[in-house]
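The structure appears right after this line, and notes come after that.
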Amino acid sequence: MDSAAADRFDTSRFEASRNRLASLAYRLLGSAADAEDAVQDAFLHWQSADRQRIKVPEAWLTKVVTNLCLDRLRSAQARRERTAGAWLPEPLLEGDPMLGPADTAEQRESVSLAVLTLMERLSPVERAVYVLREAFSYGHAEIAAILDTTESASQQHLHRARRRISDTRRGGGEAGRAADRASARGIVEEFFAAASSGRTERLVALLTDDATATSDGAGLTRTLLRYDTPQRIAAIAQAGFKPASAQRRFAGETPAAHYALVNGAPAILFVIGDEVIGTVTFDITGGRIAAVVGVAAPARLGRITEAWRRYDEPDTPLVHQW
């Protein structure tokens, strides 16, 4: 095989792993754009490596991408961005290959907005161990080799990560949320109808007693907006969903509201033309809403807008105009 043919073969081997590597990087970083950058950096490493000495390309690439992501998480810039209180993960539309493996409850849970947000409480190494184990089913010996640590250390990191996430995870998690997609859609549509029509009592009844809501304030605030009682969540939902000229002025045009699945969870997408201007994602447990996450900062909506534009036939809007 000549050098050009060898390069094409090696490039094809990398491309065969690209989606898996991007899914790993997205879970570690919570940003599709940063995940793409990490995968591209890994490709440059792959090109410059002595590939004939790499016995298991998949393992080698996993190690490179994981450590590139850890470097990003540990960087001074990332620490400033993530500790400033204004960071939320980037939402992805159902079908996005970056969402990666979704065969088990653990895999689906690991890419939910709720868990991606909670993973901010973990150290970079704890986050890596949690993702490699829960989402990609690596054994502790394999994880130890990827992170240059010991099996016992990997087990300890996983134990701490699971405890920190479960201690703050509300309700039954993925199993309760995804058990019945039709029911979940009905709950979201009822929530939207109650909010847009001003039925406060019905809104409160749809929320769990310890429900929370988080919003990035469309990127206009330095910190996240948080609401931690059903009454406050109902009030902010009515302010955001009830028809009013303020919403039209803010958006610039009249948006349509569509039901969708975002990171595996039921959601409402607000769309103008072919551009997504906001997402509201719901975490549903036991027939009630346990958490609401609103994302409207344009920097977080580029990839979901691209995915939306590829939809052949979007669902009929929940409401055509405000």
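Following the order of the structure tokens, first chain is A, next is B, and so on, with residues numbered from 1 inside each chain and ligands from 1 in the order they appear.
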
Helix (DSSP H, G or I) per DSSP on the backbone: members of region 24-178 of chain A, as an NGL selection string: :A and (24-29 or 32-48 or 51-53 or 57-74 or 76-83 or 97-99 or 105-110 or 113-121 or 124-134 or 140-147 or 151-168 or 174-177)

Neighbour list for region 94-100 of chain A as a PyMOL selection string, cut-off 7 Å, only C-alpha atoms, skip fewer than 5 positions in-chain: chain A and resi 19-20+22-23+26+111+261-264

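Counting only C-alpha atoms, the residue from A:Arg288, A:Arg108, A:Arg133, A:Lys63 that sits nearest to Ala184 (chain A) is A:Arg288.
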
In region 187-276 of chain A, DSSP strand (DSSP E) residues written as a ChimeraX atom specification: /A:207-215,225-227,256-262,265-272,275-276

How about saving the chosen residues, C-alpha atoms kept, as a compact mmCIF listing (two decimals), in the first residue's frame?
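For reference, result_11.txt as written:
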# COMPACT_ATOMS: atom_id res chain seq x y z
CA LEU A 207 -45.42 20.65 38.98
CA THR A 208 -43.88 18.50 41.71
CA ASP A 209 -43.65 20.10 45.14
CA ASP A 210 -39.86 20.45 44.80
CA ALA A 211 -39.82 21.46 41.13
CA THR A 212 -37.09 23.77 39.86
CA ALA A 213 -36.70 25.96 36.80
CA THR A 214 -33.48 27.29 35.33
CA SER A 215 -33.00 29.76 32.49
CA LEU A 225 -32.09 32.58 36.61
CA ARG A 226 -33.36 29.98 39.09
CA TYR A 227 -36.83 29.38 40.50
CA ALA A 256 -44.23 29.48 16.56
CA ALA A 257 -44.05 26.94 19.40
CA HIS A 258 -43.35 23.31 18.43
CA TYR A 259 -43.22 20.17 20.53
CA ALA A 260 -39.93 18.24 20.18
CA LEU A 261 -37.53 15.94 21.99
CA VAL A 262 -34.34 17.62 23.19
CA ALA A 265 -36.61 14.82 27.03
CA PRO A 266 -39.90 16.46 26.01
CA ALA A 267 -39.44 20.09 25.04
CA ILE A 268 -40.95 23.14 23.39
CA LEU A 269 -39.02 24.85 20.60
CA PHE A 270 -39.72 28.48 19.76
CA VAL A 271 -39.06 29.05 16.09
CA ILE A 272 -39.04 32.06 13.78
CA GLU A 275 -34.35 29.53 13.25
CA VAL A 276 -34.75 28.17 16.77

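The shortest atom-to-atom distance to Arg121 (chain A), with only C-alpha atoms taken into account, belongs to A:Arg163 out of A:Arg199, A:Arg163, A:Arg72, A:Lys242.
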